[in-house]
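Below is the file start_11.cif, which contains mmCIF, C-alpha atoms and all ligand atoms.
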```
data_protein
#
loop_
_atom_site.label_atom_id
_atom_site.label_comp_id
_atom_site.auth_asym_id
_atom_site.auth_seq_id
_atom_site.Cartn_x
_atom_site.Cartn_y
_atom_site.Cartn_z
CA MET A 1 116.31 -5.54 16.96
CA HIS A 2 114.56 -6.85 20.05
CA TRP A 3 114.46 -4.51 23.02
CA ILE A 4 114.13 -5.53 26.65
CA VAL A 5 113.93 -2.55 29.01
CA CYS A 6 114.11 -3.63 32.64
CA PRO A 7 113.01 -1.61 35.68
CA ASP A 8 116.37 -1.95 37.41
CA ARG A 9 119.82 -3.50 37.28
CA GLN A 10 118.79 -6.68 39.00
CA ALA A 11 116.14 -7.38 36.38
CA GLN A 12 118.60 -6.46 33.62
CA THR A 13 121.12 -8.95 35.01
CA LYS A 14 118.56 -11.71 35.35
CA ALA A 15 117.28 -11.14 31.82
CA CYS A 16 120.80 -11.46 30.36
CA ALA A 17 121.59 -14.57 32.38
CA ALA A 18 118.26 -16.14 31.37
CA ILE A 19 118.98 -15.55 27.67
CA ILE A 20 122.46 -17.12 27.95
CA ALA A 21 121.21 -20.05 30.05
CA ALA A 22 118.35 -20.68 27.61
CA GLN A 23 120.84 -20.75 24.73
CA VAL A 24 122.90 -23.43 26.51
CA LEU A 25 119.83 -25.42 27.54
CA GLN A 26 118.64 -25.49 23.93
CA LYS A 27 122.11 -26.27 22.55
CA PRO A 28 124.44 -27.64 25.25
CA ASP A 29 127.48 -27.47 22.96
CA SER A 30 126.89 -23.79 22.15
CA VAL A 31 129.77 -21.56 21.20
CA LEU A 32 129.43 -18.49 23.42
CA GLY A 33 131.16 -15.15 23.00
CA PHE A 34 131.96 -13.38 26.26
CA ALA A 35 132.97 -9.86 27.22
CA THR A 36 134.86 -8.22 30.09
CA GLY A 37 134.19 -4.93 31.90
CA SER A 38 131.80 -3.92 34.65
CA THR A 39 128.68 -4.54 32.58
CA PRO A 40 128.67 -8.36 32.45
CA LEU A 41 129.95 -8.99 36.00
CA ALA A 42 126.56 -9.35 37.70
CA THR A 43 125.33 -11.50 34.81
CA TYR A 44 128.31 -13.81 35.36
CA ARG A 45 127.45 -14.09 39.06
CA GLU A 46 123.90 -15.01 38.11
CA LEU A 47 125.14 -17.69 35.66
CA ILE A 48 127.33 -19.15 38.41
CA ASP A 49 124.27 -19.30 40.71
CA LEU A 50 122.23 -21.00 37.97
CA LYS A 51 125.00 -23.56 37.44
CA ARG A 52 125.34 -24.23 41.19
CA ALA A 53 121.57 -24.62 41.50
CA GLY A 54 121.75 -27.29 38.78
CA VAL A 55 119.62 -25.26 36.35
CA VAL A 56 122.21 -25.23 33.57
CA SER A 57 125.48 -26.99 32.77
CA PHE A 58 128.26 -25.41 30.71
CA GLU A 59 130.19 -28.66 30.40
CA LEU A 60 129.83 -28.95 26.63
CA ALA A 61 129.95 -25.23 25.84
CA ARG A 62 132.97 -23.49 24.31
CA THR A 63 133.71 -19.81 24.63
CA PHE A 64 135.64 -17.10 22.85
CA ASN A 65 136.31 -13.71 24.41
CA LEU A 66 136.11 -10.50 22.48
CA ASP A 67 139.50 -9.04 23.32
CA GLU A 68 142.69 -8.94 25.36
CA TYR A 69 145.25 -6.27 26.15
CA VAL A 70 148.58 -6.44 24.34
CA GLY A 71 151.55 -6.91 26.65
CA LEU A 72 149.87 -8.02 29.89
CA PRO A 73 150.87 -11.53 30.99
CA ILE A 74 147.86 -13.79 31.64
CA ASP A 75 148.50 -13.73 35.39
CA HIS A 76 148.45 -9.88 35.50
CA PRO A 77 145.53 -8.82 37.73
CA GLN A 78 144.10 -6.70 34.88
CA SER A 79 144.51 -9.20 32.03
CA TYR A 80 141.18 -10.23 30.56
CA TYR A 81 142.32 -13.85 30.84
CA ARG A 82 142.58 -13.41 34.61
CA PHE A 83 139.28 -11.48 34.78
CA MET A 84 137.41 -14.26 33.01
CA TRP A 85 138.94 -17.14 34.98
CA ASP A 86 138.38 -15.36 38.33
CA ASN A 87 134.85 -14.15 37.60
CA LEU A 88 133.37 -16.90 35.46
CA PHE A 89 135.42 -19.80 34.14
CA ALA A 90 136.87 -21.13 37.42
CA PRO A 91 133.52 -20.87 39.29
CA LEU A 92 131.86 -22.66 36.35
CA GLU A 93 134.61 -25.33 36.62
CA PHE A 94 135.76 -24.90 33.04
CA ARG A 95 138.46 -27.21 31.73
CA PRO A 96 141.61 -25.68 30.20
CA GLY A 97 140.94 -25.28 26.49
CA GLN A 98 137.19 -24.81 26.93
CA ALA A 99 137.62 -21.04 26.89
CA GLN A 100 139.72 -19.07 24.46
CA LEU A 101 140.99 -15.51 24.49
CA PRO A 102 143.37 -13.90 22.03
CA ASN A 103 146.96 -14.03 23.27
CA GLY A 104 148.17 -10.46 23.81
CA MET A 105 151.68 -11.72 24.59
CA ALA A 106 152.21 -13.46 21.23
CA ASP A 107 155.49 -12.60 19.46
CA ASP A 108 153.68 -12.24 16.15
CA LEU A 109 150.42 -10.42 16.89
CA GLY A 110 149.25 -10.52 13.28
CA ALA A 111 149.63 -14.32 13.19
CA GLU A 112 147.85 -14.58 16.54
CA CYS A 113 144.88 -12.58 15.18
CA ALA A 114 144.68 -14.87 12.14
CA ARG A 115 144.90 -17.95 14.38
CA TYR A 116 142.07 -16.66 16.62
CA GLU A 117 139.86 -15.97 13.63
CA ARG A 118 140.50 -19.52 12.32
CA GLU A 119 139.66 -21.02 15.73
CA ILE A 120 136.31 -19.23 15.76
CA GLU A 121 135.61 -20.41 12.24
CA SER A 122 136.53 -24.02 12.98
CA ALA A 123 134.27 -23.95 16.06
CA GLY A 124 131.45 -23.14 13.60
CA PHE A 125 131.28 -19.45 14.55
CA ILE A 126 129.66 -17.99 17.66
CA ASP A 127 126.08 -18.91 18.54
CA LEU A 128 125.52 -16.11 21.05
CA GLN A 129 127.81 -13.12 21.57
CA LEU A 130 127.44 -11.04 24.73
CA LEU A 131 128.46 -7.39 24.31
CA GLY A 132 128.78 -4.29 26.47
CA ILE A 133 129.15 -0.88 24.87
CA GLY A 134 131.83 1.76 25.44
CA HIS A 135 130.96 5.43 25.99
CA ASP A 136 132.34 6.06 22.49
CA GLY A 137 130.13 3.32 21.04
CA HIS A 138 132.82 0.66 20.79
CA ILE A 139 132.03 -3.06 20.84
CA GLY A 140 134.97 -5.25 21.74
CA PHE A 141 137.78 -2.73 21.37
CA ASN A 142 136.58 -1.53 17.95
CA GLU A 143 137.06 2.19 18.42
CA PRO A 144 135.48 4.96 16.30
CA ALA A 145 137.03 4.84 12.82
CA ASP A 146 136.46 5.71 9.17
CA VAL A 147 135.62 2.13 8.21
CA PHE A 148 134.31 -0.93 10.04
CA SER A 149 137.04 -3.45 10.86
CA LYS A 150 136.56 -6.97 9.51
CA ASP A 151 138.51 -9.60 11.43
CA THR A 152 140.44 -9.94 14.69
CA HIS A 153 143.16 -7.31 14.69
CA VAL A 154 145.43 -5.10 16.78
CA GLU A 155 143.58 -1.96 17.85
CA THR A 156 144.97 1.26 19.30
CA LEU A 157 142.76 2.30 22.20
CA ALA A 158 141.01 5.67 22.05
CA GLU A 159 142.03 8.24 24.68
CA ARG A 160 138.51 8.03 26.10
CA THR A 161 138.83 4.27 26.54
CA ILE A 162 142.22 4.67 28.24
CA ASP A 163 140.57 7.16 30.61
CA ALA A 164 137.68 4.77 31.31
CA ASN A 165 140.05 1.85 32.00
CA ARG A 166 142.40 3.96 34.10
CA ARG A 167 140.34 3.08 37.21
CA PHE A 168 141.70 -0.47 37.18
CA PHE A 169 145.40 0.55 37.09
CA ALA A 170 147.62 2.38 39.57
CA THR A 171 148.53 5.07 37.01
CA ARG A 172 147.26 6.12 33.57
CA ASP A 173 150.65 5.20 32.09
CA GLU A 174 150.11 1.57 33.07
CA VAL A 175 146.96 1.24 30.95
CA PRO A 176 147.92 -0.69 27.79
CA ARG A 177 147.61 1.39 24.60
CA THR A 178 146.83 -1.53 22.30
CA ALA A 179 144.67 -4.63 22.40
CA LEU A 180 143.72 -7.59 20.23
CA THR A 181 140.03 -7.54 19.44
CA MET A 182 137.55 -9.45 17.34
CA GLY A 183 136.65 -7.27 14.39
CA VAL A 184 133.21 -5.92 13.67
CA GLY A 185 132.97 -8.59 10.94
CA THR A 186 133.81 -11.32 13.46
CA ILE A 187 131.11 -10.04 15.81
CA MET A 188 128.54 -9.70 13.01
CA ARG A 189 129.10 -13.35 12.01
CA SER A 190 127.68 -14.44 15.40
CA ARG A 191 124.24 -15.99 15.01
CA ARG A 192 122.76 -14.02 17.90
CA ILE A 193 123.90 -10.87 19.66
CA LEU A 194 123.02 -9.85 23.20
CA LEU A 195 124.11 -6.28 23.94
CA THR A 196 123.51 -4.98 27.41
CA ALA A 197 124.05 -1.73 29.29
CA PHE A 198 123.03 -0.14 32.55
CA GLY A 199 123.25 3.31 34.11
CA ALA A 200 122.52 6.88 33.05
CA ASP A 201 126.06 7.35 31.70
CA LYS A 202 125.26 4.91 28.85
CA ALA A 203 121.95 6.57 27.86
CA ASP A 204 123.47 8.94 25.23
CA VAL A 205 125.52 6.28 23.48
CA ILE A 206 122.58 3.84 23.43
CA ARG A 207 120.47 6.46 21.65
CA GLU A 208 123.30 7.36 19.26
CA ALA A 209 124.07 3.73 18.39
CA PHE A 210 120.55 2.44 17.87
CA CYS A 211 118.42 5.47 16.98
CA GLY A 212 120.97 7.22 14.76
CA PRO A 213 122.72 6.41 11.48
CA VAL A 214 124.84 3.28 11.03
CA THR A 215 128.39 4.59 11.07
CA PRO A 216 131.89 3.35 11.97
CA ARG A 217 132.15 6.49 14.15
CA VAL A 218 129.78 4.64 16.55
CA THR A 219 130.77 1.03 16.02
CA ALA A 220 127.79 -0.55 17.81
CA SER A 221 125.44 1.08 15.29
CA ILE A 222 126.27 -1.74 12.82
CA LEU A 223 124.16 -4.04 15.01
CA GLN A 224 121.09 -2.33 13.53
CA PHE A 225 121.85 -4.54 10.51
CA HIS A 226 122.18 -7.79 12.49
CA ALA A 227 119.33 -10.25 11.94
CA ASP A 228 119.07 -11.37 15.58
CA CYS A 229 120.18 -8.71 18.04
CA THR A 230 118.65 -8.30 21.49
CA ILE A 231 119.36 -5.20 23.55
CA VAL A 232 118.80 -5.47 27.29
CA LEU A 233 118.84 -2.20 29.25
CA ASP A 234 117.96 -0.96 32.69
CA SER A 235 115.60 2.03 32.80
CA GLU A 236 118.49 4.52 33.18
CA ALA A 237 120.37 3.33 30.09
CA ALA A 238 117.04 3.45 28.20
CA SER A 239 116.10 6.90 29.49
CA LYS A 240 117.02 8.81 26.30
CA LEU A 241 115.38 6.51 23.78
P1 LIG B 301 132.07 -1.36 30.91
O1 LIG B 301 132.80 -1.38 29.51
O2 LIG B 301 131.26 -2.63 30.94
O3 LIG B 301 133.17 -1.42 31.93
O4 LIG B 301 131.24 -0.14 30.96
C1 LIG B 301 132.04 -1.62 28.37
C2 LIG B 301 132.92 -1.57 27.15
O5 LIG B 301 133.88 -0.78 27.14
O6 LIG B 301 132.64 -2.31 26.19
#
```

Rewrite the coordinates I just gave you, this time as structure tokens.
Ligand code: PGA
Amino acid sequence: MHWIVCPDRQAQTKACAAIIAAQVLQKPDSVLGFATGSTPLATYRELIDLKRAGVVSFELARTFNLDEYVGLPIDHPQSYYRFMWDNLFAPLEFRPGQAQLPNGMADDLGAECARYEREIESAGFIDLQLLGIGHDGHIGFNEPADVFSKDTHVETLAERTIDANRRFFATRDEVPRTALTMGVGTIMRSRRILLTAFGADKADVIREAFCGPVTPRVTASILQFHADCTIVLDSEAASKL
């Protein structure tokens, strides 16, 4: 694992954006894996600035997102589809079809998961996957479990995740209980991984995931076995290493 510990959030953001931009500069038709949540937002703003400054073009890139809630229409303000188009894809002037997310409104969710997995495979798998980390150690929506999940699947969200996501919904009852998520196997098949975190509230889980045993109870710990994983932290998230 490669570690980049930055003095502050701004440096953490710039480091992540530089790694993603460098990937696309080296391979303009890269397949990128993107994530939602508060963690990548500033990185996305930085990528938009780099694109507008003419430093990097995403025209030939393709993207796959990690996950999507089950049962939220794509135009729901909290759907991950909407999050990605508002915060990244529209400002980058993506064409329809350039970006894919699993469809949480599909009638047959199992078939949708299999379709998503096939799409990733036929794109040649993911060159660079961006990841945040949940307080329970999840990557994507792969919650603590007895075994590591393999492929894209339907996941029941942990109570702790529902609590964390509650802030985006009017009531706790409105938070979806299930989501479609790439599996740990899907994520591990990415050629490069970029996991990033900021803030003191992530310090414990960063230590648990990367300084402790590899266990499906802390899903991100599997990344210790990935051949090309870079972890970018601000000093607070790194404070318990
Ligand atoms: P956050 O979520 O970026 O909103 O902290 C991270 C995650 O749950 O993977």

Review point. In terms of the shortest atom-to-atom distance over all atoms listed in the file, which of A:Lys202, A:His153, A:Arg166, A:His135 is closest to Thr219 (chain A)?
Key: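 Among the listed residues, A:His135 lies closest to Thr219 (chain A).
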
Excluding region 136-144 of chain A and any residue of its chain fewer than 3 positions from it, enumerate the residues within 10 Å of it, using all atoms listed in the file, and give them as a PDB file with C-alpha atoms, keeping the file's coordinate frame.
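Result file follows (result_2.pdb):
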```
ATOM      1  CA  PHE A  34     131.960 -13.380  26.260  1.00  0.00           C
ATOM      2  CA  ALA A  35     132.970  -9.860  27.220  1.00  0.00           C
ATOM      3  CA  THR A  36     134.860  -8.220  30.090  1.00  0.00           C
ATOM      4  CA  ASN A  65     136.310 -13.710  24.410  1.00  0.00           C
ATOM      5  CA  LEU A  66     136.110 -10.500  22.480  1.00  0.00           C
ATOM      6  CA  ASP A  67     139.500  -9.040  23.320  1.00  0.00           C
ATOM      7  CA  GLU A  68     142.690  -8.940  25.360  1.00  0.00           C
ATOM      8  CA  TYR A  69     145.250  -6.270  26.150  1.00  0.00           C
ATOM      9  CA  LEU A 130     127.440 -11.040  24.730  1.00  0.00           C
ATOM     10  CA  LEU A 131     128.460  -7.390  24.310  1.00  0.00           C
ATOM     11  CA  GLY A 132     128.780  -4.290  26.470  1.00  0.00           C
ATOM     12  CA  ILE A 133     129.150  -0.880  24.870  1.00  0.00           C
ATOM     13  CA  VAL A 147     135.620   2.130   8.210  1.00  0.00           C
ATOM     14  CA  PHE A 148     134.310  -0.930  10.040  1.00  0.00           C
ATOM     15  CA  SER A 149     137.040  -3.450  10.860  1.00  0.00           C
ATOM     16  CA  THR A 152     140.440  -9.940  14.690  1.00  0.00           C
ATOM     17  CA  HIS A 153     143.160  -7.310  14.690  1.00  0.00           C
ATOM     18  CA  VAL A 154     145.430  -5.100  16.780  1.00  0.00           C
ATOM     19  CA  GLU A 155     143.580  -1.960  17.850  1.00  0.00           C
ATOM     20  CA  THR A 156     144.970   1.260  19.300  1.00  0.00           C
ATOM     21  CA  LEU A 157     142.760   2.300  22.200  1.00  0.00           C
ATOM     22  CA  ALA A 158     141.010   5.670  22.050  1.00  0.00           C
ATOM     23  CA  ARG A 160     138.510   8.030  26.100  1.00  0.00           C
ATOM     24  CA  THR A 161     138.830   4.270  26.540  1.00  0.00           C
ATOM     25  CA  THR A 178     146.830  -1.530  22.300  1.00  0.00           C
ATOM     26  CA  ALA A 179     144.670  -4.630  22.400  1.00  0.00           C
ATOM     27  CA  LEU A 180     143.720  -7.590  20.230  1.00  0.00           C
ATOM     28  CA  THR A 181     140.030  -7.540  19.440  1.00  0.00           C
ATOM     29  CA  MET A 182     137.550  -9.450  17.340  1.00  0.00           C
ATOM     30  CA  GLY A 183     136.650  -7.270  14.390  1.00  0.00           C
ATOM     31  CA  VAL A 184     133.210  -5.920  13.670  1.00  0.00           C
ATOM     32  CA  ILE A 187     131.110 -10.040  15.810  1.00  0.00           C
ATOM     33  CA  LEU A 195     124.110  -6.280  23.940  1.00  0.00           C
ATOM     34  CA  LYS A 202     125.260   4.910  28.850  1.00  0.00           C
ATOM     35  CA  ASP A 204     123.470   8.940  25.230  1.00  0.00           C
ATOM     36  CA  VAL A 205     125.520   6.280  23.480  1.00  0.00           C
ATOM     37  CA  ILE A 206     122.580   3.840  23.430  1.00  0.00           C
ATOM     38  CA  GLU A 208     123.300   7.360  19.260  1.00  0.00           C
ATOM     39  CA  ALA A 209     124.070   3.730  18.390  1.00  0.00           C
ATOM     40  CA  THR A 215     128.390   4.590  11.070  1.00  0.00           C
ATOM     41  CA  PRO A 216     131.890   3.350  11.970  1.00  0.00           C
ATOM     42  CA  ARG A 217     132.150   6.490  14.150  1.00  0.00           C
ATOM     43  CA  VAL A 218     129.780   4.640  16.550  1.00  0.00           C
ATOM     44  CA  THR A 219     130.770   1.030  16.020  1.00  0.00           C
ATOM     45  CA  ALA A 220     127.790  -0.550  17.810  1.00  0.00           C
ATOM     46  CA  SER A 221     125.440   1.080  15.290  1.00  0.00           C
ATOM     47  CA  ILE A 222     126.270  -1.740  12.820  1.00  0.00           C
ATOM     48  CA  LEU A 223     124.160  -4.040  15.010  1.00  0.00           C
TER      49      LEU A 223
END
```

Exercise for review: Determine, counting only C-alpha atoms, which protein, DNA and RNA residues have an atom within 10 Å of an atom of region 3-10 of chain A; residues of the same chain fewer than 5 positions away are not included. Present the result as a list in words.
Suggested key: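 With the cut-off at 10 Å, the set is Ala15, Cys16, Ala42, Thr43, Glu46, Leu195, Thr196, Ala197, Phe198, Gly199, Cys229, Thr230, Ile231, Val232, Leu233, Asp234, Ser235, Glu236, Ala237, Ala238 and Ser239 of chain A.
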
Practice item. Go through A:Arg167, A:Arg62, A:Arg191, A:Arg177 one by one, measure the shortest atom-to-atom distance of each to ligand LIG 301 (chain B) using only C-alpha atoms and all ligand atoms, and give the residue with the smallest value. Key: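 Between A:Arg167, A:Arg62, A:Arg191, A:Arg177, the residue approaching ligand LIG 301 (chain B) most closely is A:Arg167.
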
Exercise for review: Go ahead and compute the interatomic distance for CA of Ala123 (chain A) and CA of Pro77 (chain A), in Å to one decimal.
Suggested key: 28.7 Å

Point to revise | Residue nearest ligand LIG 301 (chain B) among A:Cys113, A:Gly71, A:Asp151, A:Ala203 (counting all atoms listed in the file) | key: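 That would be A:Ala203, the residue with the smallest distance to ligand LIG 301 (chain B).
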
Can you pull out the residues contacting Pro73 (chain A)? Cut-off 12 Å, using all atoms listed in the file, and skip same-chain residues under 4 positions away; I want them as a PDB file with C-alpha atoms, in the frame of the given file.
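Result file is result-v3.pdb:
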```pdb
ATOM      1  CA  GLU A  68     142.690  -8.940  25.360  1.00  0.00           C
ATOM      2  CA  TYR A  69     145.250  -6.270  26.150  1.00  0.00           C
ATOM      3  CA  PRO A  77     145.530  -8.820  37.730  1.00  0.00           C
ATOM      4  CA  GLN A  78     144.100  -6.700  34.880  1.00  0.00           C
ATOM      5  CA  SER A  79     144.510  -9.200  32.030  1.00  0.00           C
ATOM      6  CA  TYR A  80     141.180 -10.230  30.560  1.00  0.00           C
ATOM      7  CA  TYR A  81     142.320 -13.850  30.840  1.00  0.00           C
ATOM      8  CA  ARG A  82     142.580 -13.410  34.610  1.00  0.00           C
ATOM      9  CA  PRO A 102     143.370 -13.900  22.030  1.00  0.00           C
ATOM     10  CA  ASN A 103     146.960 -14.030  23.270  1.00  0.00           C
ATOM     11  CA  GLY A 104     148.170 -10.460  23.810  1.00  0.00           C
ATOM     12  CA  MET A 105     151.680 -11.720  24.590  1.00  0.00           C
ATOM     13  CA  ALA A 106     152.210 -13.460  21.230  1.00  0.00           C
ATOM     14  CA  PRO A 176     147.920  -0.690  27.790  1.00  0.00           C
TER      15      PRO A 176
END
```

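Among the candidates A:Thr39, A:Tyr116, A:Gly54, A:Gly33, the residue lying nearest to ligand LIG 301 (chain B) is A:Thr39 (atoms considered: only C-alpha atoms and all ligand atoms).
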
Exercise for review: Between CA of Phe89 (chain A) and CA of Asp107 (chain A), measure the distance and give it in Å to one decimal.
Suggested key: 25.9 Å

Review point. Closest to His2 (chain A) among A:Gln100, A:Asn87, A:Gln224, A:Thr63, using all atoms listed in the file?
Key: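 Among the listed residues, the smallest separation from His2 (chain A) belongs to A:Gln224.
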
Exercise for review: Quote the spacing between CA of Gly97 (chain A) and CA of Glu119 (chain A) in Å to one decimal place.
Suggested key: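 Those two atoms sit 11.6 Å apart.
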
**Study point:** Nearby residues (all atoms listed in the file) at most 6 Å from region 55-61 of chain A, same-chain spacing under 4 positions excluded, as a VMD selection string
**Key:** chain A and resid 28 to 31 50 to 51

Point to revise | Best match for closeness to Gln26 (chain A) among A:Asp127, A:Ala53, A:Ser38, A:Gly212, counting only C-alpha atoms | key: A:Asp127

Could the centre and edge lengths of an axis-aligned box, enclosing all atoms of region 152-156 of chain A in the file with 8 Å extra on each side, be given in Å to one decimal as lines of an AutoDock Vina configuration file?
```
center_x = 142.9
center_y = -4.3
center_z = 17.0
size_x = 21.0
size_y = 27.2
size_z = 20.6
```
